[in-house]
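**Q** See final.txt below, with compact mmCIF, C-alpha atoms and all ligand atoms.
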```txt
# COMPACT_ATOMS: atom_id res chain seq x y z
CA MET G 1 96.80 78.08 92.50
CA GLN G 2 98.03 77.11 89.08
CA ASP G 3 101.60 76.01 88.46
CA SER G 4 102.22 75.03 84.90
CA GLU G 5 105.85 73.97 85.32
CA ALA G 6 106.95 70.39 84.89
CA PRO G 7 108.49 68.87 88.03
CA ARG G 8 112.24 69.51 88.45
CA ARG G 9 114.79 68.95 91.20
CA ARG G 10 113.21 70.55 94.23
CA MET G 11 115.34 72.53 96.68
CA CYS G 12 112.66 74.06 98.87
CA SER G 13 109.06 73.23 99.45
CA MET G 14 106.56 75.55 101.11
CA LYS G 15 103.27 73.99 102.11
CA ASN G 16 100.16 75.89 103.18
CA LEU G 17 102.16 78.71 104.74
CA SER G 18 100.22 81.29 106.70
CA LYS G 19 101.25 84.31 108.74
CA ARG G 20 99.02 86.69 110.65
CA TYR G 21 99.81 90.00 112.31
CA GLY G 22 96.96 90.65 114.76
CA THR G 23 93.85 90.60 112.62
CA THR G 24 95.76 91.00 109.33
CA THR G 25 96.46 87.82 107.39
CA ALA G 26 99.67 88.78 105.58
CA VAL G 27 100.26 85.35 104.02
CA CYS G 28 97.45 82.89 103.51
CA ASP G 29 97.84 79.23 102.61
CA VAL G 30 100.80 79.61 100.24
CA THR G 31 102.15 76.46 98.64
CA LEU G 32 105.18 76.80 96.37
CA ASP G 33 108.17 74.67 95.37
CA LEU G 34 111.53 76.20 94.47
CA HIS G 35 113.79 74.27 92.14
CA HIS G 36 117.56 74.22 92.06
CA ASN G 37 119.21 77.13 90.23
CA GLU G 38 116.01 78.90 89.25
CA LEU G 39 115.08 82.53 89.74
CA VAL G 40 111.51 83.08 90.85
CA SER G 41 110.03 86.54 91.18
CA ILE G 42 107.11 87.11 93.50
CA ILE G 43 105.07 89.97 92.14
CA GLY G 44 101.89 91.64 93.30
CA PRO G 45 100.53 94.95 94.50
CA SER G 46 101.73 96.64 97.67
CA GLY G 47 100.44 94.93 100.82
CA ALA G 48 99.93 91.59 99.04
CA GLY G 49 102.22 89.76 101.49
CA LYS G 50 105.34 89.43 99.32
CA THR G 51 107.86 90.67 101.90
CA THR G 52 106.27 88.57 104.62
CA LEU G 53 106.61 85.48 102.43
CA LEU G 54 110.28 86.32 101.87
CA ARG G 55 110.84 86.80 105.60
CA LEU G 56 109.24 83.42 106.24
CA MET G 57 111.64 81.84 103.74
CA ALA G 58 114.58 83.60 105.43
CA GLY G 59 113.51 82.28 108.81
CA LEU G 60 113.03 85.82 110.12
CA GLU G 61 109.36 85.08 110.85
CA ARG G 62 107.72 81.93 112.13
CA PRO G 63 104.67 80.77 110.20
CA ASP G 64 101.36 80.46 112.06
CA GLY G 65 100.53 77.51 109.86
CA GLY G 66 102.18 75.30 107.25
CA SER G 67 105.81 74.35 106.74
CA ILE G 68 109.00 75.10 104.81
CA GLU G 69 111.28 72.20 104.00
CA PHE G 70 114.52 72.16 102.10
CA GLY G 71 115.45 69.47 99.59
CA ASP G 72 117.32 67.39 102.12
CA GLY G 73 114.24 67.27 104.33
CA SER G 74 115.66 69.68 106.93
CA LYS G 75 113.63 72.59 108.24
CA GLN G 76 116.86 74.52 108.78
CA ARG G 77 116.92 77.65 106.67
CA GLU G 78 120.62 78.49 106.78
CA PRO G 79 122.28 79.60 104.72
CA ALA G 80 119.60 81.73 103.12
CA VAL G 81 120.71 85.29 102.57
CA LEU G 82 118.26 88.15 102.39
CA VAL G 83 119.20 91.37 100.59
CA PHE G 84 116.92 94.28 101.41
CA GLN G 85 115.96 97.16 99.19
CA ASP G 86 118.13 99.56 101.17
CA PHE G 87 120.95 97.00 101.13
CA LEU G 88 122.75 98.42 104.17
CA LEU G 89 126.39 98.38 103.18
CA PHE G 90 128.78 99.05 106.05
CA PRO G 91 129.71 102.73 105.49
CA THR G 92 133.09 102.52 107.20
CA MET G 93 134.25 99.47 105.25
CA SER G 94 135.73 99.49 101.77
CA VAL G 95 134.06 97.61 98.92
CA ALA G 96 136.45 94.67 99.37
CA ARG G 97 135.80 94.49 103.12
CA ASN G 98 132.03 94.74 102.61
CA ILE G 99 132.09 91.83 100.18
CA GLY G 100 134.32 89.76 102.47
CA PHE G 101 132.27 90.47 105.60
CA GLY G 102 130.32 87.21 105.69
CA LEU G 103 133.46 85.18 105.07
CA ARG G 104 135.32 86.90 107.94
CA ALA G 105 132.32 86.24 110.18
CA ARG G 106 132.55 82.58 109.22
CA GLY G 107 136.22 82.50 110.20
CA TRP G 108 137.68 82.05 106.72
CA LYS G 109 141.45 82.40 106.25
CA ARG G 110 142.61 85.78 105.00
CA ARG G 111 144.07 84.35 101.78
CA ASP G 112 140.88 82.47 100.91
CA ILE G 113 138.77 85.56 101.59
CA ARG G 114 140.99 87.61 99.34
CA GLU G 115 140.74 85.08 96.54
CA ARG G 116 136.96 84.94 96.62
CA VAL G 117 136.52 88.69 97.06
CA ASP G 118 138.88 89.37 94.13
CA GLU G 119 136.93 86.92 91.96
CA LEU G 120 133.61 88.55 92.86
CA MET G 121 134.89 92.08 92.33
CA ALA G 122 136.17 91.05 88.88
CA ARG G 123 132.83 89.44 87.95
CA PHE G 124 130.84 92.40 89.23
CA GLY G 125 133.05 95.02 87.57
CA LEU G 126 134.15 96.42 90.93
CA THR G 127 137.89 95.71 90.90
CA ASP G 128 138.85 99.36 90.53
CA LYS G 129 136.55 100.23 93.46
CA ALA G 130 138.09 97.73 95.89
CA ASP G 131 139.31 100.45 98.27
CA SER G 132 136.40 102.88 97.83
CA TYR G 133 133.84 103.48 100.53
CA PRO G 134 130.15 102.97 99.74
CA ALA G 135 129.29 106.67 99.91
CA LEU G 136 131.50 107.28 96.88
CA LEU G 137 129.75 104.69 94.74
CA SER G 138 126.74 105.17 92.48
CA ALA G 139 123.45 103.50 93.48
CA GLY G 140 123.99 100.79 90.85
CA GLN G 141 127.52 100.07 92.10
CA GLN G 142 126.29 99.92 95.69
CA GLN G 143 123.65 97.39 94.73
CA ARG G 144 126.25 95.30 92.91
CA VAL G 145 128.39 95.30 96.08
CA ALA G 146 125.36 94.19 98.10
CA ILE G 147 124.64 91.31 95.72
CA ALA G 148 128.33 90.33 95.53
CA ARG G 149 128.45 90.32 99.35
CA ALA G 150 125.40 88.06 99.45
CA LEU G 151 126.90 85.69 96.87
CA ALA G 152 130.28 85.54 98.66
CA VAL G 153 129.00 83.00 101.17
CA ARG G 154 127.51 80.89 98.33
CA PRO G 155 124.06 80.87 99.92
CA ARG G 156 121.75 77.97 99.26
CA LEU G 157 118.97 80.44 98.71
CA LEU G 158 119.31 84.11 97.78
CA LEU G 159 116.35 86.25 98.77
CA LEU G 160 116.00 89.74 97.33
CA ASP G 161 113.45 92.25 98.57
CA GLU G 162 112.74 94.88 95.89
CA PRO G 163 116.40 94.61 94.86
CA PHE G 164 116.37 97.48 92.39
CA GLY G 165 113.83 99.73 94.06
CA HIS G 166 116.30 102.61 94.35
CA LEU G 167 117.59 102.46 90.80
CA ASP G 168 116.29 104.42 87.83
CA LYS G 169 114.64 102.58 84.95
CA ASN G 170 117.69 102.00 82.72
CA LEU G 171 119.97 101.04 85.56
CA LYS G 172 117.27 98.78 86.97
CA MET G 173 117.00 96.73 83.80
CA GLU G 174 120.78 96.63 83.39
CA THR G 175 121.25 95.45 86.98
CA ALA G 176 118.41 92.93 86.62
CA ARG G 177 120.10 91.38 83.58
CA TYR G 178 123.39 91.44 85.44
CA LEU G 179 121.92 89.69 88.44
CA ARG G 180 120.37 87.12 86.12
CA ARG G 181 123.77 86.36 84.54
CA MET G 182 125.48 86.05 87.93
CA GLN G 183 122.67 83.94 89.35
CA GLN G 184 123.00 81.53 86.42
CA GLU G 185 126.81 81.46 86.57
CA PHE G 186 126.82 80.82 90.30
CA GLY G 187 123.82 78.50 90.05
CA ILE G 188 122.06 79.94 93.09
CA THR G 189 118.36 79.50 93.66
CA THR G 190 116.96 83.00 93.99
CA VAL G 191 113.64 84.50 95.00
CA ALA G 192 113.09 88.18 94.27
CA VAL G 193 110.15 90.19 95.49
CA THR G 194 109.14 93.09 93.31
CA HIS G 195 106.19 95.13 92.14
CA ASP G 196 108.02 95.94 88.92
CA LEU G 197 106.73 93.70 86.13
CA GLU G 198 109.35 94.63 83.56
CA GLU G 199 112.12 93.74 85.97
CA ALA G 200 110.47 90.45 86.93
CA PHE G 201 109.82 89.47 83.31
CA ALA G 202 113.39 90.30 82.31
CA MET G 203 115.13 88.10 84.83
CA SER G 204 112.87 85.29 86.02
CA ASP G 205 112.39 81.65 85.14
CA ARG G 206 109.04 81.74 86.88
CA VAL G 207 106.83 84.33 88.47
CA GLY G 208 104.41 83.89 91.32
CA ILE G 209 101.57 86.37 91.65
CA MET G 210 100.36 87.33 95.12
CA MET G 211 97.19 89.18 95.96
CA ASP G 212 95.65 89.61 99.41
CA GLY G 213 98.14 87.22 100.99
CA ARG G 214 97.48 84.42 98.53
CA LEU G 215 99.70 83.10 95.78
CA ILE G 216 97.11 82.99 93.03
CA GLN G 217 99.18 81.75 90.13
CA SER G 218 102.73 80.72 89.38
CA GLY G 219 104.40 79.56 86.21
CA ALA G 220 106.76 80.55 83.42
CA VAL G 221 106.57 84.25 82.61
CA SER G 222 105.09 83.76 79.13
CA GLU G 223 102.57 81.26 80.46
CA VAL G 224 101.28 83.52 83.23
CA TYR G 225 101.16 86.46 80.83
CA SER G 226 99.28 84.63 78.11
CA ARG G 227 97.09 82.50 80.42
CA PRO G 228 96.29 84.64 83.47
CA ALA G 229 94.17 82.69 85.94
CA THR G 230 91.89 85.59 86.83
CA PHE G 231 90.84 88.93 85.46
CA GLU G 232 92.64 90.63 88.40
CA ILE G 233 95.93 88.98 87.39
CA ALA G 234 95.40 89.88 83.74
CA ARG G 235 94.75 93.48 84.76
CA PHE G 236 97.77 93.57 87.05
CA LEU G 237 100.00 92.37 84.19
CA GLY G 238 98.90 94.97 81.66
CA PRO G 239 96.00 96.79 80.01
CA VAL G 240 93.10 94.42 79.50
CA ASN G 241 89.54 94.67 78.14
CA ARG G 242 86.48 93.01 79.63
CA PHE G 243 83.30 92.74 77.59
CA PRO G 244 80.22 90.57 77.05
CA ALA G 245 80.64 87.74 74.57
CA SER G 246 77.83 89.19 72.44
CA LEU G 247 80.24 91.93 71.37
CA LEU G 248 82.10 89.31 69.32
CA GLU G 249 79.35 89.75 66.73
CA CYS G 250 81.11 93.04 65.90
CA VAL G 251 84.64 91.71 66.06
CA ARG G 252 86.59 89.50 63.74
CA TRP G 253 88.34 86.60 65.38
CA MET G 254 91.82 86.03 64.04
CA PRO G 255 93.89 83.64 66.08
CA GLY G 256 97.38 85.08 66.41
CA LYS G 257 100.69 83.37 66.77
CA ALA G 258 100.15 83.15 70.52
CA PRO G 259 100.30 79.69 72.09
CA ARG G 260 97.10 77.72 72.77
CA VAL G 261 95.21 79.36 69.99
CA THR G 262 92.81 76.46 69.99
CA ALA G 263 91.67 77.43 73.50
CA GLY G 264 90.76 80.81 72.03
CA ASP G 265 89.05 79.16 69.07
CA ASP G 266 86.94 77.00 71.39
CA MET G 267 86.18 79.99 73.55
CA HIS G 268 85.13 82.06 70.59
CA ARG G 269 82.69 79.38 69.42
CA GLU G 270 81.47 78.78 72.94
CA ALA G 271 81.10 82.51 73.62
CA LEU G 272 78.88 83.01 70.58
CA ARG G 273 76.53 80.39 72.05
CA ARG G 274 76.52 82.17 75.46
CA PRO G 275 76.37 85.88 74.65
CA ASP G 276 76.14 86.97 78.31
CA CYS G 277 79.39 85.37 79.48
CA ARG G 278 82.19 87.86 80.18
CA LEU G 279 85.32 87.67 78.10
CA TYR G 280 88.56 89.56 78.28
CA CYS G 281 91.53 90.20 76.04
CA ARG G 282 94.78 92.10 76.24
CA ALA G 283 94.93 95.52 74.64
CA GLU G 284 97.77 94.38 72.37
CA SER G 285 95.68 91.55 70.95
CA VAL G 286 93.10 94.02 69.64
CA ALA G 287 93.94 95.33 66.16
CA ILE G 288 92.07 98.17 64.49
CA VAL G 289 91.95 98.98 60.79
CA PRO G 290 90.32 102.08 59.25
CA ASP G 291 87.09 100.90 57.62
CA GLN G 292 84.20 103.22 56.81
CA ASP G 293 81.74 100.37 57.28
CA GLY G 294 83.42 99.28 60.54
CA PRO G 295 81.40 98.87 63.74
CA ALA G 296 83.59 101.08 65.96
CA THR G 297 84.83 104.65 66.19
CA VAL G 298 88.15 105.79 67.61
CA ALA G 299 87.34 107.91 70.65
CA GLU G 300 90.81 108.70 71.97
CA VAL G 301 94.45 108.31 70.89
CA VAL G 302 97.21 108.33 73.52
CA PHE G 303 100.93 107.93 72.86
CA ALA G 304 102.27 105.35 75.28
CA GLY G 305 106.01 105.11 74.59
CA ILE G 306 106.66 102.93 71.57
CA MET G 307 103.00 101.90 71.37
CA VAL G 308 99.92 103.99 70.68
CA MET G 309 96.84 103.37 72.78
CA TYR G 310 93.50 103.70 70.98
CA ARG G 311 90.24 103.78 72.87
CA VAL G 312 87.44 102.74 70.54
CA ARG G 313 83.69 102.96 71.07
CA ILE G 314 81.43 100.21 69.77
CA PRO G 315 77.67 100.73 69.95
CA HIS G 316 76.01 97.34 70.22
CA ASN G 317 72.52 96.28 71.32
CA GLY G 318 71.79 99.79 72.60
CA VAL G 319 74.94 100.00 74.77
CA ASP G 320 78.20 101.86 74.07
CA HIS G 321 81.09 99.48 74.75
CA GLU G 322 84.68 100.61 74.96
CA LEU G 323 87.79 98.63 74.06
CA THR G 324 91.46 99.60 74.35
CA ALA G 325 93.85 98.62 71.58
CA LEU G 326 97.63 98.94 71.78
CA SER G 327 99.27 99.27 68.40
CA LEU G 328 102.59 100.19 66.83
CA GLU G 329 100.70 102.18 64.17
CA ASP G 330 100.16 105.82 64.99
CA GLY G 331 98.30 107.20 61.99
CA ILE G 332 94.68 106.67 63.03
CA LYS G 333 92.84 109.82 64.14
CA PRO G 334 90.02 110.21 66.66
CA GLY G 335 86.65 109.93 64.91
CA THR G 336 87.90 107.35 62.36
CA ARG G 337 85.55 104.41 61.75
CA VAL G 338 87.41 101.14 62.23
CA SER G 339 86.92 97.40 62.13
CA LEU G 340 88.32 95.25 64.92
CA THR G 341 90.21 91.99 65.11
CA ILE G 342 91.01 90.10 68.29
CA SER G 343 93.76 87.50 68.35
CA GLN G 344 93.54 86.13 71.89
CA LEU G 345 90.66 85.73 74.30
CA PHE G 346 90.24 84.69 77.93
CA SER G 347 87.26 83.90 80.03
CA GLU G 348 87.26 83.67 83.82
CA GLU G 349 85.07 80.59 83.69
CA THR G 350 87.39 78.68 81.43
CA ASN G 351 90.74 79.77 82.95
CA PRO G 352 92.85 78.19 84.27
CA LYS G 353 92.69 75.08 82.18
P1 LIG Q 1 104.07 93.53 100.38
O1 LIG Q 1 105.50 93.14 100.57
O2 LIG Q 1 103.39 92.74 99.30
O3 LIG Q 1 103.88 94.99 100.21
P2 LIG Q 1 103.83 92.87 103.21
O4 LIG Q 1 104.24 91.46 103.35
O5 LIG Q 1 104.82 93.92 103.58
O6 LIG Q 1 103.28 93.12 101.72
O7 LIG Q 1 102.52 93.12 104.08
C1 LIG Q 1 101.36 92.32 103.99
C2 LIG Q 1 100.35 92.79 105.03
O8 LIG Q 1 100.83 92.50 106.33
C3 LIG Q 1 100.10 94.28 104.99
O9 LIG Q 1 98.73 94.51 105.28
C4 LIG Q 1 100.99 94.82 106.09
O10 LIG Q 1 100.45 96.00 106.64
C5 LIG Q 1 100.95 93.68 107.10
N1 LIG Q 1 102.21 93.59 107.87
C6 LIG Q 1 103.42 93.26 107.37
N2 LIG Q 1 104.34 93.25 108.36
C7 LIG Q 1 103.69 93.56 109.50
C8 LIG Q 1 104.10 93.70 110.88
N3 LIG Q 1 105.35 93.50 111.27
N4 LIG Q 1 103.13 94.02 111.79
C9 LIG Q 1 101.86 94.21 111.40
N5 LIG Q 1 101.41 94.09 110.13
C10 LIG Q 1 102.31 93.78 109.19
```
Let me see the structure of the file written as structure tokens.
Ligand code: ADP
**A**
Amino acid sequence: MQDSEAPRRRMCSMKNLSKRYGTTTAVCDVTLDLHHNELVSIIGPSGAGKTTLLRLMAGLERPDGGSIEFGDGSKQREPAVLVFQDFLLFPTMSVARNIGFGLRARGWKRRDIRERVDELMARFGLTDKADSYPALLSAGQQQRVAIARALAVRPRLLLLDEPFGHLDKNLKMETARYLRRMQQEFGITTVAVTHDLEEAFAMSDRVGIMMDGRLIQSGAVSEVYSRPATFEIARFLGPVNRFPASLLECVRWMPGKAPRVTAGDDMHREALRRPDCRLYCRAESVAIVPDQDGPATVAEVVFAGIMVMYRVRIPHNGVDHELTALSLEDGIKPGTRVSLTISQLFSEETNPK
């Protein structure tokens, strides 16, 4: 596993965690440190072991191997609070009573509960809903109540399982940014499990990528995105092309503004010496320009939101290769001859560095 982050104040340390259910290994040899006040998103396809890892952190499951230790050296997990996707508000309690629930359970005085609940409702924009019951709230408001309720007890660790799974796209991003602001204001170390990349990218300090029970890579969002450790990760994070290095004979190499351009430069030189090695690049780092002497032909044009996806065919050494380019330009028609420029390259053999 690659973790590109510099060491910071550690609040939780997971070492070689494993969890099996019968013959299924849900979590396999996961090692990860959580630092104070950071938000880490665990992303990966369904069945990758994300929820199981979260349940291990919450103390709801016992690991079959490995350990979890908190910064003070204790193995005690309290108070870690887990918020599930279906967030289970108490239907017969008002918003204020839902938020104050954990404080009442901890025997807080009525006046202190009121003070904290009022503060949270104000921060979460729920003051005018204090006496409403959950059924009368929108999905976004319900999720804000659930997060406010979790924050009321000032947990050491906030664990969120697909926190915005029920929300539509706009509300999801809005709530993600909201959570991020609250998490920073309250300074609470948070781990969120999600399969939604956009949401994870928008709110996280770091992301960890799980596949088949393993945490394959963790690091700052931009780092993981621009330096994926494997082709599978690159593909999970967005459209990606894989091709033999010999194809670079048909492609111009133009290092972009992306970080670590020199790695790409080295790779480009190296790749030309080893034409059989497999390279990959993101669709958005392929640029096409109409050019009647160009080596490629546009085979397909697909509108993909604000970007246009071009599939181009490049005959080379008797084989038709295909590359996908994502571009903001939408004027190029199928059948147009084009030249190609690539601004960032990866190779499985050379990553991670
Ligand atoms: P994710 O959250 O990434 O979708 P999970 O942690 O839910 O993945 O599941 C990982 C694997 O463990 C899956 O194959 C799932 O079927 C299995 N699994 C999870 N929980 C249980 C359980 N309680 N009993 C048996 N198998 C389980």
**Q** Could you check which of G:Pro134, G:Ala105, G:Tyr310, G:Ile209 is closest to Thr92 in chain G, using only C-alpha atoms?
**A**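 For Thr92 in chain G, the nearest of the candidates is G:Pro134.
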**Q** What are the closest atom pairs, with distances in Å to one decimal, for each residue of chain G lying within 12 Å of ligand LIG 1 (chain Q), using only C-alpha atoms and all ligand atoms, rows by chain and rising residue number, as JSON lines?
**A**
```
{"residue": "G:Ser18", "atom": "CA", "partner": "Q:LIG1", "partner_atom": "O8", "distance": 11.2}
{"residue": "G:Lys19", "atom": "CA", "partner": "Q:LIG1", "partner_atom": "O8", "distance": 8.5}
{"residue": "G:Arg20", "atom": "CA", "partner": "Q:LIG1", "partner_atom": "O8", "distance": 7.5}
{"residue": "G:Tyr21", "atom": "CA", "partner": "Q:LIG1", "partner_atom": "C9", "distance": 4.8}
{"residue": "G:Gly22", "atom": "CA", "partner": "Q:LIG1", "partner_atom": "C9", "distance": 6.9}
{"residue": "G:Thr23", "atom": "CA", "partner": "Q:LIG1", "partner_atom": "N5", "distance": 8.7}
{"residue": "G:Thr24", "atom": "CA", "partner": "Q:LIG1", "partner_atom": "O8", "distance": 6.1}
{"residue": "G:Thr25", "atom": "CA", "partner": "Q:LIG1", "partner_atom": "O8", "distance": 6.5}
{"residue": "G:Ala26", "atom": "CA", "partner": "Q:LIG1", "partner_atom": "O8", "distance": 4.0}
{"residue": "G:Val27", "atom": "CA", "partner": "Q:LIG1", "partner_atom": "C1", "distance": 7.1}
{"residue": "G:Cys28", "atom": "CA", "partner": "Q:LIG1", "partner_atom": "C1", "distance": 10.2}
{"residue": "G:Ile42", "atom": "CA", "partner": "Q:LIG1", "partner_atom": "O2", "distance": 8.9}
{"residue": "G:Ile43", "atom": "CA", "partner": "Q:LIG1", "partner_atom": "O2", "distance": 7.9}
{"residue": "G:Gly44", "atom": "CA", "partner": "Q:LIG1", "partner_atom": "O2", "distance": 6.3}
{"residue": "G:Pro45", "atom": "CA", "partner": "Q:LIG1", "partner_atom": "O2", "distance": 6.0}
{"residue": "G:Ser46", "atom": "CA", "partner": "Q:LIG1", "partner_atom": "O3", "distance": 3.7}
{"residue": "G:Gly47", "atom": "CA", "partner": "Q:LIG1", "partner_atom": "O6", "distance": 3.5}
{"residue": "G:Ala48", "atom": "CA", "partner": "Q:LIG1", "partner_atom": "O2", "distance": 3.7}
{"residue": "G:Gly49", "atom": "CA", "partner": "Q:LIG1", "partner_atom": "O4", "distance": 3.2}
{"residue": "G:Lys50", "atom": "CA", "partner": "Q:LIG1", "partner_atom": "O2", "distance": 3.8}
{"residue": "G:Thr51", "atom": "CA", "partner": "Q:LIG1", "partner_atom": "O1", "distance": 3.7}
{"residue": "G:Thr52", "atom": "CA", "partner": "Q:LIG1", "partner_atom": "O4", "distance": 3.8}
{"residue": "G:Leu53", "atom": "CA", "partner": "Q:LIG1", "partner_atom": "O4", "distance": 6.5}
{"residue": "G:Leu54", "atom": "CA", "partner": "Q:LIG1", "partner_atom": "O4", "distance": 8.1}
{"residue": "G:Arg55", "atom": "CA", "partner": "Q:LIG1", "partner_atom": "O4", "distance": 8.4}
{"residue": "G:Leu56", "atom": "CA", "partner": "Q:LIG1", "partner_atom": "O4", "distance": 9.9}
{"residue": "G:Leu60", "atom": "CA", "partner": "Q:LIG1", "partner_atom": "N3", "distance": 10.9}
{"residue": "G:Glu61", "atom": "CA", "partner": "Q:LIG1", "partner_atom": "N3", "distance": 9.3}
{"residue": "G:Arg62", "atom": "CA", "partner": "Q:LIG1", "partner_atom": "N3", "distance": 11.8}
{"residue": "G:Phe84", "atom": "CA", "partner": "Q:LIG1", "partner_atom": "O1", "distance": 11.5}
{"residue": "G:Gln85", "atom": "CA", "partner": "Q:LIG1", "partner_atom": "O1", "distance": 11.3}
{"residue": "G:Leu160", "atom": "CA", "partner": "Q:LIG1", "partner_atom": "O1", "distance": 11.5}
{"residue": "G:Asp161", "atom": "CA", "partner": "Q:LIG1", "partner_atom": "O1", "distance": 8.2}
{"residue": "G:Glu162", "atom": "CA", "partner": "Q:LIG1", "partner_atom": "O1", "distance": 8.8}
{"residue": "G:Ala192", "atom": "CA", "partner": "Q:LIG1", "partner_atom": "O1", "distance": 11.0}
{"residue": "G:Val193", "atom": "CA", "partner": "Q:LIG1", "partner_atom": "O1", "distance": 7.5}
{"residue": "G:Thr194", "atom": "CA", "partner": "Q:LIG1", "partner_atom": "O1", "distance": 8.1}
{"residue": "G:His195", "atom": "CA", "partner": "Q:LIG1", "partner_atom": "O2", "distance": 8.1}
{"residue": "G:Asp196", "atom": "CA", "partner": "Q:LIG1", "partner_atom": "O2", "distance": 11.8}
{"residue": "G:Gly208", "atom": "CA", "partner": "Q:LIG1", "partner_atom": "O2", "distance": 12.0}
{"residue": "G:Ile209", "atom": "CA", "partner": "Q:LIG1", "partner_atom": "O2", "distance": 10.1}
{"residue": "G:Met210", "atom": "CA", "partner": "Q:LIG1", "partner_atom": "O2", "distance": 7.5}
{"residue": "G:Met211", "atom": "CA", "partner": "Q:LIG1", "partner_atom": "O2", "distance": 7.9}
{"residue": "G:Asp212", "atom": "CA", "partner": "Q:LIG1", "partner_atom": "C1", "distance": 7.8}
{"residue": "G:Gly213", "atom": "CA", "partner": "Q:LIG1", "partner_atom": "C1", "distance": 6.7}
{"residue": "G:Arg214", "atom": "CA", "partner": "Q:LIG1", "partner_atom": "O2", "distance": 10.2}
{"residue": "G:Leu215", "atom": "CA", "partner": "Q:LIG1", "partner_atom": "O2", "distance": 10.9}
```
**Q** Filtering to C-alpha atoms, could you give me those residues as a tab-separated table (two decimals), in the coordinates of the input?
**A**
```
chain	number	residue	atom	x	y	z
G	18	SER	CA	100.22	81.29	106.70
G	19	LYS	CA	101.25	84.31	108.74
G	20	ARG	CA	99.02	86.69	110.65
G	21	TYR	CA	99.81	90.00	112.31
G	22	GLY	CA	96.96	90.65	114.76
G	23	THR	CA	93.85	90.60	112.62
G	24	THR	CA	95.76	91.00	109.33
G	25	THR	CA	96.46	87.82	107.39
G	26	ALA	CA	99.67	88.78	105.58
G	27	VAL	CA	100.26	85.35	104.02
G	28	CYS	CA	97.45	82.89	103.51
G	42	ILE	CA	107.11	87.11	93.50
G	43	ILE	CA	105.07	89.97	92.14
G	44	GLY	CA	101.89	91.64	93.30
G	45	PRO	CA	100.53	94.95	94.50
G	46	SER	CA	101.73	96.64	97.67
G	47	GLY	CA	100.44	94.93	100.82
G	48	ALA	CA	99.93	91.59	99.04
G	49	GLY	CA	102.22	89.76	101.49
G	50	LYS	CA	105.34	89.43	99.32
G	51	THR	CA	107.86	90.67	101.90
G	52	THR	CA	106.27	88.57	104.62
G	53	LEU	CA	106.61	85.48	102.43
G	54	LEU	CA	110.28	86.32	101.87
G	55	ARG	CA	110.84	86.80	105.60
G	56	LEU	CA	109.24	83.42	106.24
G	60	LEU	CA	113.03	85.82	110.12
G	61	GLU	CA	109.36	85.08	110.85
G	62	ARG	CA	107.72	81.93	112.13
G	84	PHE	CA	116.92	94.28	101.41
G	85	GLN	CA	115.96	97.16	99.19
G	160	LEU	CA	116.00	89.74	97.33
G	161	ASP	CA	113.45	92.25	98.57
G	162	GLU	CA	112.74	94.88	95.89
G	192	ALA	CA	113.09	88.18	94.27
G	193	VAL	CA	110.15	90.19	95.49
G	194	THR	CA	109.14	93.09	93.31
G	195	HIS	CA	106.19	95.13	92.14
G	196	ASP	CA	108.02	95.94	88.92
G	208	GLY	CA	104.41	83.89	91.32
G	209	ILE	CA	101.57	86.37	91.65
G	210	MET	CA	100.36	87.33	95.12
G	211	MET	CA	97.19	89.18	95.96
G	212	ASP	CA	95.65	89.61	99.41
G	213	GLY	CA	98.14	87.22	100.99
G	214	ARG	CA	97.48	84.42	98.53
G	215	LEU	CA	99.70	83.10	95.78
```
**Q** Which of these residues is nearest to Lys333 in chain G, using all atoms listed in the file: G:His316, G:Arg104, G:Arg181, G:Arg311?
**A**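 Closest candidate: G:Arg311.
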**Q** In terms of the shortest atom-to-atom distance over all atoms listed in the file, which of G:Pro91, G:Pro315, G:Pro228, G:Pro63 is closest to Tyr133 in chain G?
**A**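 Nearest to Tyr133 in chain G: G:Pro91.
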**Q** If you measure from CA of Gly219 in chain G to CA of Val81 in chain G, what distance in Å do you get, rounded to one decimal?
**A**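 So the answer is 23.8 Å.
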**Q** State, in Å with one decimal place, the distance from CA of Asp330 in chain G to CA of Val302 in chain G.
**A**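 For CA of Asp330 in chain G relative to CA of Val302 in chain G, the distance reads 9.4 Å.
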